[in-house]
$ cat final26.txt   # compact mmCIF, C-alpha atoms and all ligand atoms
# COMPACT_ATOMS: atom_id res chain seq x y z
CA MET A 1 -39.58 -33.90 17.71
CA ILE A 2 -37.44 -36.99 17.37
CA PHE A 3 -39.26 -37.96 14.15
CA LYS A 4 -38.51 -34.55 12.71
CA GLU A 5 -34.80 -34.98 13.43
CA ILE A 6 -34.79 -38.47 11.89
CA ALA A 7 -36.54 -37.11 8.79
CA GLU A 8 -34.02 -34.28 8.46
CA GLY A 9 -31.10 -36.70 8.86
CA ALA A 10 -32.52 -39.05 6.25
CA GLN A 11 -33.12 -36.14 3.88
CA GLY A 12 -29.50 -35.04 4.26
CA LEU A 13 -28.25 -38.57 3.60
CA ILE A 14 -30.41 -39.06 0.53
CA SER A 15 -29.51 -35.72 -1.01
CA SER A 16 -25.76 -36.33 -0.55
CA TYR A 17 -26.05 -39.84 -2.09
CA ALA A 18 -28.05 -38.35 -4.95
CA MET A 19 -25.36 -35.74 -5.54
CA SER A 20 -22.64 -38.45 -5.59
CA LEU A 21 -24.72 -40.53 -7.98
CA ARG A 22 -25.15 -37.59 -10.36
CA HIS A 23 -21.37 -37.13 -10.55
CA VAL A 24 -20.76 -40.83 -11.25
CA PHE A 25 -22.34 -40.37 -14.68
CA ARG A 26 -20.65 -37.09 -15.53
CA ARG A 27 -17.66 -36.90 -17.83
CA PRO A 28 -14.51 -36.24 -15.80
CA ILE A 29 -12.90 -32.82 -16.26
CA THR A 30 -9.19 -33.58 -16.37
CA GLU A 31 -6.87 -30.91 -17.71
CA GLN A 32 -3.69 -32.45 -19.06
CA TYR A 33 -1.19 -29.95 -17.68
CA PRO A 34 1.40 -29.05 -18.95
CA GLU A 35 0.20 -30.00 -22.45
CA TYR A 36 -2.96 -28.02 -21.81
CA LYS A 37 -2.55 -24.69 -20.06
CA ARG A 38 -5.62 -22.93 -18.83
CA GLN A 39 -5.83 -19.19 -19.47
CA LEU A 40 -5.63 -17.72 -15.97
CA PRO A 41 -7.48 -14.53 -15.00
CA GLU A 42 -5.45 -11.35 -15.41
CA ARG A 43 -5.55 -10.71 -11.69
CA SER A 44 -4.08 -14.12 -10.74
CA ARG A 45 -1.21 -13.64 -8.33
CA ALA A 46 2.12 -15.26 -9.14
CA ARG A 47 5.53 -14.01 -10.35
CA ILE A 48 6.21 -10.38 -9.46
CA ILE A 49 7.58 -7.81 -11.89
CA LEU A 50 8.81 -4.24 -11.67
CA THR A 51 7.20 -2.17 -14.44
CA ARG A 52 8.03 1.04 -16.29
CA SER A 53 6.26 4.37 -16.92
CA PRO A 54 4.98 5.22 -20.44
CA ASP A 55 8.24 7.15 -21.00
CA GLY A 56 10.24 3.95 -20.37
CA ASP A 57 11.68 5.08 -17.04
CA GLU A 58 11.60 2.85 -13.97
CA ARG A 59 8.48 3.41 -11.91
CA CYS A 60 9.94 2.33 -8.58
CA VAL A 61 10.94 5.26 -6.38
CA ALA A 62 12.36 3.07 -3.59
CA CYS A 63 9.81 4.26 -1.03
CA TYR A 64 9.92 0.96 0.92
CA LEU A 65 6.11 0.78 1.18
CA CYS A 66 6.01 -2.64 -0.47
CA SER A 67 8.65 -4.09 1.83
CA GLY A 68 6.86 -2.54 4.82
CA ALA A 69 3.56 -4.12 3.75
CA CYS A 70 5.04 -7.55 3.01
CA PRO A 71 3.98 -9.92 5.81
CA VAL A 72 6.95 -12.27 5.29
CA ASP A 73 9.70 -9.67 4.77
CA CYS A 74 10.80 -11.04 1.41
CA ILE A 75 11.40 -7.67 -0.32
CA SER A 76 14.58 -5.71 0.23
CA MET A 77 16.16 -2.79 -1.58
CA GLU A 78 18.39 0.23 -1.28
CA SER A 79 17.21 3.73 -2.12
CA GLY A 80 19.22 6.27 -4.07
CA ILE A 81 18.70 9.67 -5.71
CA ARG A 82 19.61 10.33 -9.33
CA GLU A 83 21.18 13.54 -10.57
CA ASP A 84 17.77 14.80 -11.73
CA GLY A 85 16.45 14.40 -8.16
CA ARG A 86 14.41 11.28 -8.84
CA ARG A 87 14.53 8.47 -6.30
CA TYR A 88 15.30 4.98 -7.52
CA ALA A 89 16.42 1.60 -6.24
CA PRO A 90 20.06 0.78 -7.10
CA TRP A 91 19.23 -2.80 -6.13
CA PHE A 92 15.92 -4.47 -5.45
CA ARG A 93 15.50 -8.08 -4.35
CA ILE A 94 12.58 -10.45 -3.85
CA ASN A 95 12.96 -13.86 -2.25
CA PHE A 96 10.24 -15.86 -4.00
CA ALA A 97 11.00 -18.85 -1.79
CA ARG A 98 9.34 -16.94 1.04
CA CYS A 99 6.70 -15.01 -0.92
CA ILE A 100 3.10 -16.09 -0.25
CA TYR A 101 1.71 -14.17 -3.26
CA CYS A 102 -0.71 -12.21 -1.14
CA GLY A 103 -0.50 -9.10 -3.33
CA LEU A 104 -0.10 -6.66 -0.42
CA CYS A 105 3.05 -5.20 -1.98
CA GLU A 106 1.10 -4.34 -5.13
CA GLU A 107 -1.68 -2.75 -3.08
CA ALA A 108 0.82 -0.62 -1.18
CA CYS A 109 2.80 0.64 -4.17
CA PRO A 110 1.96 4.29 -5.01
CA THR A 111 3.62 4.19 -8.45
CA LEU A 112 2.16 0.87 -9.75
CA ALA A 113 5.77 -0.30 -10.11
CA ILE A 114 5.43 -3.66 -8.43
CA GLN A 115 2.82 -5.97 -9.92
CA LEU A 116 1.93 -9.62 -9.63
CA THR A 117 1.42 -11.57 -12.85
CA PRO A 118 -0.32 -14.89 -13.64
CA ASP A 119 3.04 -16.53 -14.53
CA PHE A 120 3.43 -19.32 -11.97
CA GLU A 121 5.86 -21.57 -13.84
CA PHE A 122 9.13 -20.64 -12.20
CA SER A 123 9.53 -23.07 -9.32
CA GLN A 124 13.01 -24.35 -8.44
CA ASN A 125 14.46 -27.05 -6.22
CA ASP A 126 17.24 -24.75 -5.10
CA PRO A 127 15.79 -21.98 -2.87
CA LEU A 128 18.72 -19.70 -3.72
CA LYS A 129 17.59 -19.66 -7.35
CA MET A 130 14.29 -18.20 -6.16
CA VAL A 131 16.02 -15.00 -5.08
CA TYR A 132 15.40 -12.51 -7.91
CA GLU A 133 17.44 -9.36 -8.34
CA LYS A 134 16.29 -6.12 -9.95
CA GLU A 135 17.56 -7.18 -13.39
CA ASP A 136 15.37 -10.30 -13.14
CA LEU A 137 12.32 -8.33 -12.02
CA LEU A 138 12.43 -5.22 -14.22
CA VAL A 139 10.40 -5.51 -17.44
CA ASP A 140 10.17 -3.12 -20.39
CA HIS A 141 6.44 -2.41 -20.20
CA GLY A 142 3.85 -0.90 -17.88
CA GLY A 143 2.01 -4.08 -16.93
CA LYS A 144 -1.66 -3.77 -16.00
CA ASP A 145 -1.84 0.01 -16.40
CA PRO A 146 0.59 1.02 -19.15
CA ASP A 147 -0.60 4.67 -19.30
CA TYR A 148 -0.10 5.48 -15.64
CA ASP A 149 2.71 7.87 -14.83
CA PHE A 150 3.20 8.58 -11.12
CA TYR A 151 4.88 11.92 -11.83
CA GLU A 152 1.76 13.25 -13.57
CA HIS A 153 -0.22 12.84 -10.34
CA ALA A 154 2.29 12.94 -7.53
CA GLY A 155 2.56 16.60 -6.67
CA VAL A 156 6.35 16.31 -6.49
CA SER A 157 8.40 18.79 -8.48
CA GLU A 158 11.03 16.51 -10.06
CA ARG A 159 9.49 16.64 -13.53
CA SER A 160 6.70 19.25 -13.35
CA ASP A 161 6.16 22.30 -11.20
CA LYS A 162 3.88 22.03 -8.21
CA GLY A 163 0.30 22.86 -9.10
CA THR A 164 0.64 21.56 -12.66
CA HIS A 165 -0.09 17.89 -12.07
CA ARG A 166 -3.41 16.28 -12.90
CA LYS A 167 -6.27 17.38 -10.59
CA GLU A 168 -3.80 19.43 -8.56
CA GLN A 169 -4.47 22.97 -7.41
CA ALA A 170 -1.78 25.62 -7.38
CA PRO A 171 0.05 25.90 -4.04
CA VAL A 172 -1.32 28.47 -1.64
CA ASP A 173 0.83 31.53 -1.11
CA VAL A 174 0.93 31.52 2.69
CA LYS A 175 1.67 35.24 2.78
CA SER A 176 -1.67 35.90 1.09
CA ASN A 177 -3.36 34.40 4.17
CA LEU A 178 -1.86 36.91 6.55
CA PRO A 179 -4.32 39.29 8.20
S1 LIG A 201 3.03 -10.94 -2.69
FE1 LIG A 201 2.89 -10.72 -0.44
S2 LIG A 201 4.48 -12.07 0.34
FE2 LIG A 201 4.94 -11.76 -1.84
S3 LIG A 201 6.36 -10.03 -1.91
FE3 LIG A 201 4.30 -9.18 -2.13
S4 LIG A 201 3.65 -8.64 -0.03
FE4 LIG A 201 5.41 -10.05 0.13
S1 LIG A 202 7.92 -1.06 -5.79
FE1 LIG A 202 6.48 0.58 -5.30
S2 LIG A 202 6.12 0.42 -3.09
FE2 LIG A 202 7.98 -0.77 -3.57
S3 LIG A 202 9.66 0.67 -3.20
FE3 LIG A 202 9.14 0.76 -5.40
S4 LIG A 202 7.66 2.47 -5.54
FE4 LIG A 202 7.78 1.91 -3.38

$ encode --input "final26.txt" --output "structure tokens"
Amino acid sequence: MIFKEIAEGAQGLISSYAMSLRHVFRRPITEQYPEYKRQLPERSRARIILTRSPDGDERCVACYLCSGACPVDCISMESGIREDGRRYAPWFRINFARCIYCGLCEEACPTLAIQLTPDFEFSQNDPLKMVYEKEDLLVDHGGKDPDYDFYEHAGVSERSDKGTHRKEQAPVDVKSNLP
């Protein structure tokens, strides 16, 4: 039994020395950042943006789901209603000094408004400069899913009648169910 344990220990030692030895003769992989910038995967999580629908309108409907999902409470906003009945955020703020880039806000958002991007080069020494307002966050494109329009799926009647959205059935006339 003891010989078996000694043999296993020796095998572990030899294999780890062999691995180290192999790497001694390998060419080092050193990326000279910032001269060389690696192309990050599209789903990398860094700077957050607020995107727009295909018609150019703001996607955010100020539903507070992202701020509710955020584990560090770094999203705040106010909700308002426009004259056409559509909800929007008169102001929207993210404190990037607290953000941990977990992506939960993006997962929670029903309109695909809030999205994380691979852009990580925006660090600051002054934490107050890491507080981004709506005008800093709002972009003029749709981000990862430019064709998505919440109001084509939502079942709300601000832009289309109920029953006319994609994959939506016409509302049931409750009086037709009466005995
Ligand atoms: S990425 Fe995470 S921590 Fe940052 S704002 Fe979104 S939910 Fe909050
Ligand atoms: S970004 Fe999305 S989840 Fe957050 S308030 Fe706007 S619509 Fe709701």

$ atom_distance --input "final26.txt" --atom1 "atom CA of Met130 of chain A" --atom2 "atom CA of Pro110 of chain A"
25.7 Å

$ closest_residue --input "final26.txt" --among "A:Ala154, A:Ile100, A:Cys60, A:Ala7" --to "ligand LIG 201 (chain A)" --atoms "only C-alpha atoms and all ligand atoms"
A:Ile100

$ closest_atom_pairs --input "final26.txt" --of "chain A" --to "ligand LIG 201 (chain A)" --cutoff "8 Å" --atoms "all atoms listed in the file" --output "tab-separated table"
residue	atom	partner	partner_atom	distance
A:Arg45	CA	A:LIG201	S1	7.6
A:Ala46	CA	A:LIG201	S1	7.8
A:Ile48	CA	A:LIG201	S1	7.5
A:Cys66	CA	A:LIG201	S4	6.5
A:Ser67	CA	A:LIG201	FE4	7.0
A:Ala69	CA	A:LIG201	S4	5.9
A:Cys70	CA	A:LIG201	S4	3.5
A:Pro71	CA	A:LIG201	FE4	5.9
A:Val72	CA	A:LIG201	S2	5.5
A:Asp73	CA	A:LIG201	FE4	6.3
A:Cys74	CA	A:LIG201	FE4	5.6
A:Ile75	CA	A:LIG201	S3	5.8
A:Ile94	CA	A:LIG201	S3	6.5
A:Asn95	CA	A:LIG201	S3	7.6
A:Phe96	CA	A:LIG201	FE2	7.0
A:Arg98	CA	A:LIG201	S2	6.9
A:Cys99	CA	A:LIG201	FE2	3.8
A:Ile100	CA	A:LIG201	S2	4.3
A:Tyr101	CA	A:LIG201	S1	3.5
A:Cys102	CA	A:LIG201	FE1	4.0
A:Gly103	CA	A:LIG201	S1	4.0
A:Leu104	CA	A:LIG201	S4	4.3
A:Cys105	CA	A:LIG201	S4	4.0
A:Glu106	CA	A:LIG201	FE3	6.5
A:Leu116	CA	A:LIG201	S1	7.1

$ closest_residue --input "final26.txt" --among "A:Tyr151, A:Phe25, A:Tyr33, A:Tyr64" --to "ligand LIG 202 (chain A)" --atoms "all atoms listed in the file"
A:Tyr64

$ residues_near_ligand --input "final26.txt" --ligand "ligand LIG 202 (chain A)" --cutoff "9 Å" --atoms "all atoms listed in the file" --output "MDAnalysis selection string"
chainID A and resid 50:51 59:69 75:79 88:89 92 105:115

$ atom_distance --input "final26.txt" --atom1 "atom CA of Arg93 of chain A" --atom2 "atom CA of Asp140 of chain A"
17.6 Å

$ atom_distance --input "final26.txt" --atom1 "atom CA of Trp91 of chain A" --atom2 "atom CA of Tyr148 of chain A"
23.1 Å

$ residues_around --input "final26.txt" --residues "Gln169 of chain A" --least-positions-apart "5" --cutoff "12 Å" --atoms "only C-alpha atoms" --output "PyMOL selection string"
chain A and resi 153+155+161-164

$ axis_aligned_box --input "final26.txt" --around "segment 149-157 of chain A" --padding-each-side "4 Å" --output "lines of an AutoDock Vina configuration file"
center_x = 4.1
center_y = 13.3
center_z = -10.7
size_x = 16.6
size_y = 18.9
size_z = 16.3

$ build_atoms --input "final26.txt" --residues "segment 43-60 of chain A" --atoms "N, CA and C atoms" --output "tab-separated table (two decimals), in the coordinates of the input"
chain	number	residue	atom	x	y	z
A	43	ARG	N	-5.90	-11.11	-13.05
A	43	ARG	CA	-5.55	-10.71	-11.69
A	43	ARG	C	-5.00	-11.87	-10.86
A	44	SER	N	-4.71	-13.02	-11.49
A	44	SER	CA	-4.08	-14.12	-10.74
A	44	SER	C	-2.75	-13.64	-10.17
A	45	ARG	N	-2.41	-14.16	-9.00
A	45	ARG	CA	-1.21	-13.64	-8.33
A	45	ARG	C	-0.09	-14.67	-8.34
A	46	ALA	N	0.94	-14.40	-9.14
A	46	ALA	CA	2.12	-15.26	-9.14
A	46	ALA	C	3.35	-14.36	-9.32
A	47	ARG	N	4.23	-14.68	-10.25
A	47	ARG	CA	5.53	-14.01	-10.35
A	47	ARG	C	5.38	-12.48	-10.35
A	48	ILE	N	6.27	-11.84	-9.62
A	48	ILE	CA	6.21	-10.38	-9.46
A	48	ILE	C	7.17	-9.71	-10.43
A	49	ILE	N	6.72	-8.58	-10.99
A	49	ILE	CA	7.58	-7.81	-11.89
A	49	ILE	C	7.67	-6.37	-11.41
A	50	LEU	N	8.70	-5.68	-11.87
A	50	LEU	CA	8.81	-4.24	-11.67
A	50	LEU	C	8.58	-3.59	-13.04
A	51	THR	N	7.61	-2.71	-13.13
A	51	THR	CA	7.20	-2.17	-14.44
A	51	THR	C	7.78	-0.77	-14.69
A	52	ARG	N	7.51	-0.27	-15.89
A	52	ARG	CA	8.03	1.04	-16.29
A	52	ARG	C	6.90	2.01	-16.63
A	53	SER	N	7.20	3.31	-16.53
A	53	SER	CA	6.26	4.37	-16.92
A	53	SER	C	6.12	4.38	-18.44
A	54	PRO	N	5.11	5.13	-18.97
A	54	PRO	CA	4.98	5.22	-20.44
A	54	PRO	C	6.23	5.78	-21.11
A	55	ASP	N	7.02	6.61	-20.39
A	55	ASP	CA	8.24	7.15	-21.00
A	55	ASP	C	9.41	6.16	-20.93
A	56	GLY	N	9.19	4.97	-20.40
A	56	GLY	CA	10.24	3.95	-20.37
A	56	GLY	C	11.09	3.98	-19.12
A	57	ASP	N	10.86	4.98	-18.26
A	57	ASP	CA	11.68	5.08	-17.04
A	57	ASP	C	11.16	4.10	-15.98
A	58	GLU	N	12.02	3.75	-15.05
A	58	GLU	CA	11.60	2.85	-13.97
A	58	GLU	C	10.55	3.53	-13.11
A	59	ARG	N	9.51	2.81	-12.75
A	59	ARG	CA	8.48	3.41	-11.91
A	59	ARG	C	8.87	3.44	-10.43
A	60	CYS	N	9.65	2.45	-10.01
A	60	CYS	CA	9.94	2.33	-8.58
A	60	CYS	C	10.73	3.54	-8.08
